[in-house]
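*Asks:* Below you will find the structure I want to go over with you.
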Amino acid sequence: MDTNWLIDGIIWYLSLVVLLTFHELAHAWAAWLCGDDTSRLQGRFSLNPLAHIDPIGTVLMPWLMILLPQMFGQFLIGWAKPVIFNPARLRNRWRDEMIIAMAGPAMNIVLAILFVALARVGLIFNWPEAVGLFGFVAKLSLRLCFFNLIPIPPLDGSHVMRNLSGMSYETYWRLSQWGFIGIVIVLQIPIVRQVLGFVTDTTLAIIGACFGFPSQ
């Protein structure tokens, strides 16, 4: 086994876990701001990754993508345990559910901006290793943002879809139990990966330009 490949895989995975942790914390924080403290009482108001790990989305899928790049084309992505909220406790159910759903992707955009800024600092101090690492994490954060907008349970885009369509919570949670199968199938579609790659690269280029990175 190539040692460098394994080290890269570990770095990729640890970066993903950190990003997922902040992503889920944002959901929990948004729910709390909207009047529901269910997620806080369940221990999701935490930067401890163990509070957010999903066996399939945080462990199985990412490592399959790392170990089987020929199947996924090195498309590293994943998801964490969904944040549970009580709709009855929200101040404005329709609006607040949308806010909660979009809080995670919004956090990923904020993190991407932060890591691009850190990459810029690395560039100033002529530290190419830092530029490469922070640039990778910024790109991964954006990829996580746009991936989560896919309307397949339990991804964030599916919550928006459920809210807009008026789907019952019972039907939604039944679909969520098998959603990971749909996610695996969708990621096998080349055009899906191409679109996700395009919007990720374009957004990263825009953020990079704001920090003075030359366009490529």
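Numbering starts fresh at 1 for the residues of each chain in the structure tokens, the chains themselves are lettered A, B, ... in the order given, and ligands are numbered from 1 as they appear.
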Which of stretch 33-191 of chain A counts as alpha helix (DSSP H) under DSSP, as an MDAnalysis selection string please?
*Replies:* chainID A and resid 33 38:41 61:67 69:72 93:124 128:147 156:165 169:176 179:187 190:191
*Asks:* Would you list the contacts of stretch 12-23 of chain A as a VMD selection string, taking every protein, DNA or RNA residue within 8 Å and counting only C-alpha atoms, but skipping same-chain residues closer than 3 positions in sequence?
*Replies:* chain A and resid 8 to 9 26 to 27 47 to 49 52 58 62 to 63 76 to 80 103 to 105 107 to 108 111 137 140 to 141
*Asks:* How many Å lie between atom CA of A:Ile185 and atom CA of A:Val83, rounded to one decimal?
*Replies:*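 Taking atom CA of A:Ile185 and atom CA of A:Val83, their separation equals 24.0 Å.
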*Asks:* Tell me, as a compact mmCIF listing (two decimals) with C-alpha atoms, in the first residue's frame, which residues lie within 12 Å of A:Ile206, counting only C-alpha atoms; anything in the same chain fewer than 2 positions away does not count.
*Replies:*
# COMPACT_ATOMS: atom_id res chain seq x y z
CA ILE A 109 -19.59 28.62 2.52
CA ALA A 112 -14.64 27.94 2.61
CA ILE A 113 -14.09 31.69 2.79
CA VAL A 116 -9.25 30.55 1.36
CA LYS A 139 -12.92 23.14 -1.95
CA LEU A 142 -17.93 23.95 -0.95
CA VAL A 199 -20.37 24.83 -9.24
CA THR A 200 -17.72 23.99 -6.64
CA ASP A 201 -14.80 25.10 -8.82
CA THR A 202 -16.63 28.23 -10.00
CA THR A 203 -17.53 29.30 -6.47
CA LEU A 204 -14.00 28.60 -5.25
CA GLY A 208 -10.22 33.10 -4.49
CA ALA A 209 -10.44 36.15 -6.75
CA CYS A 210 -11.80 38.17 -3.83
CA PHE A 211 -8.60 37.32 -1.93
CA GLY A 212 -6.32 38.07 -4.82
CA PHE A 213 -5.69 34.57 -6.12
CA PRO A 214 -5.10 34.61 -9.88
CA SER A 215 -7.77 32.95 -12.02
CA GLN A 216 -6.78 29.64 -13.56
*Asks:* Name the closest residue to A:Ile152 among the candidates A:Val195, A:Ile183, A:Ala138, A:Val110; distances are taken between atoms, counting only C-alpha atoms.
*Replies:*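 Comparing A:Val195, A:Ile183, A:Ala138, A:Val110 against A:Ile152, the winner is A:Ile183.
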*Asks:* I'd like to know which of A:Asn92, A:Ser176, A:Thr3, A:Thr171 is closest to A:Leu33, using only C-alpha atoms.
*Replies:*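 Using only C-alpha atoms, the shortest distance to A:Leu33 belongs to A:Asn92.
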*Asks:* Tell me, as a list in words, which residues lie within 8 Å of A:Phe180, counting only C-alpha atoms; anything in the same chain fewer than 2 positions away does not count.
*Replies:*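 The neighbour list is Ile56, Gly57, Pro153, Pro154, Ser176, Gln177, Trp178, Gly182, Ile183 and Val184 of chain A.
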*Asks:* Suppose you want the space between atom CA of A:Ala28 and atom CA of A:Gly135; what is it in Å?
*Replies:*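 Result for atom CA of A:Ala28 versus atom CA of A:Gly135: 26.9 Å, one decimal.
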*Asks:* Compare A:Arg120, A:Arg40, A:Arg89, A:Arg193 by their minimum atom-to-atom distance to A:Ile150, counting only C-alpha atoms, and give me the closest one.
*Replies:*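 Closest candidate: A:Arg193.
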*Asks:* For A:Asn148, find every residue with an atom within 7 Å (counting only C-alpha atoms), except residues of its own chain fewer than 5 positions away, and show them as a PDB file with N, CA and C atoms, in the first residue's frame.
*Replies:*
ATOM      1  N   PRO A 105     -25.349  24.263   4.833  1.00  0.00           N
ATOM      2  CA  PRO A 105     -24.653  24.723   3.637  1.00  0.00           C
ATOM      3  C   PRO A 105     -24.081  26.124   3.786  1.00  0.00           C
ATOM      4  N   LEU A 155     -30.355  14.532   3.010  1.00  0.00           N
ATOM      5  CA  LEU A 155     -29.607  15.739   2.680  1.00  0.00           C
ATOM      6  C   LEU A 155     -30.470  16.987   2.853  1.00  0.00           C
ATOM      7  N   ASP A 156     -29.807  18.130   3.039  1.00  0.00           N
ATOM      8  CA  ASP A 156     -30.521  19.364   3.366  1.00  0.00           C
ATOM      9  C   ASP A 156     -31.502  19.786   2.279  1.00  0.00           C
ATOM     10  N   GLY A 157     -31.137  19.556   1.037  1.00  0.00           N
ATOM     11  CA  GLY A 157     -32.037  19.921  -0.054  1.00  0.00           C
ATOM     12  C   GLY A 157     -33.364  19.194   0.022  1.00  0.00           C
TER      13      GLY A 157
END
*Asks:* When you draw a straight line from atom CA of A:Tyr172 to atom CA of A:Ser46, how long is it in Å?
*Replies:*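 These atoms are spaced 26.1 Å apart.
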*Asks:* Skipping near chain neighbours, those fewer than 2 positions away, what residues fall within 9 Å of A:Ile99 using only C-alpha atoms, listed as a PDB file with C-alpha atoms, in the first residue's frame?
*Replies:*
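File part.pdb, as written:
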ATOM      1  CA  HIS A  27     -28.201  23.289  12.011  1.00  0.00           C
ATOM      2  CA  ALA A  30     -30.257  27.703  13.813  1.00  0.00           C
ATOM      3  CA  ALA A  31     -32.930  25.511  15.408  1.00  0.00           C
ATOM      4  CA  CYS A  34     -35.730  29.677  15.920  1.00  0.00           C
ATOM      5  CA  TRP A  94     -42.366  27.216   7.232  1.00  0.00           C
ATOM      6  CA  ARG A  95     -39.721  29.943   7.414  1.00  0.00           C
ATOM      7  CA  ASP A  96     -37.756  28.423  10.279  1.00  0.00           C
ATOM      8  CA  GLU A  97     -37.557  24.969   8.707  1.00  0.00           C
ATOM      9  CA  ALA A 101     -32.100  23.362   6.456  1.00  0.00           C
ATOM     10  CA  MET A 102     -29.906  26.033   4.848  1.00  0.00           C
ATOM     11  CA  ALA A 103     -27.810  26.759   7.940  1.00  0.00           C
TER      12      ALA A 103
END
*Asks:* Considering only C-alpha atoms, can you say which of A:Phe136, A:Phe125, A:Trp5, A:Trp173 comes closest to A:Pro69?
*Replies:*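 Answer, going by the shortest atom-to-atom distance: A:Trp5.
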*Asks:* Could you tell me which of A:Ile66, A:Ala130, A:Val160, A:Leu175 comes closest to A:Phe115 if we count only C-alpha atoms?
*Replies:* A:Ala130
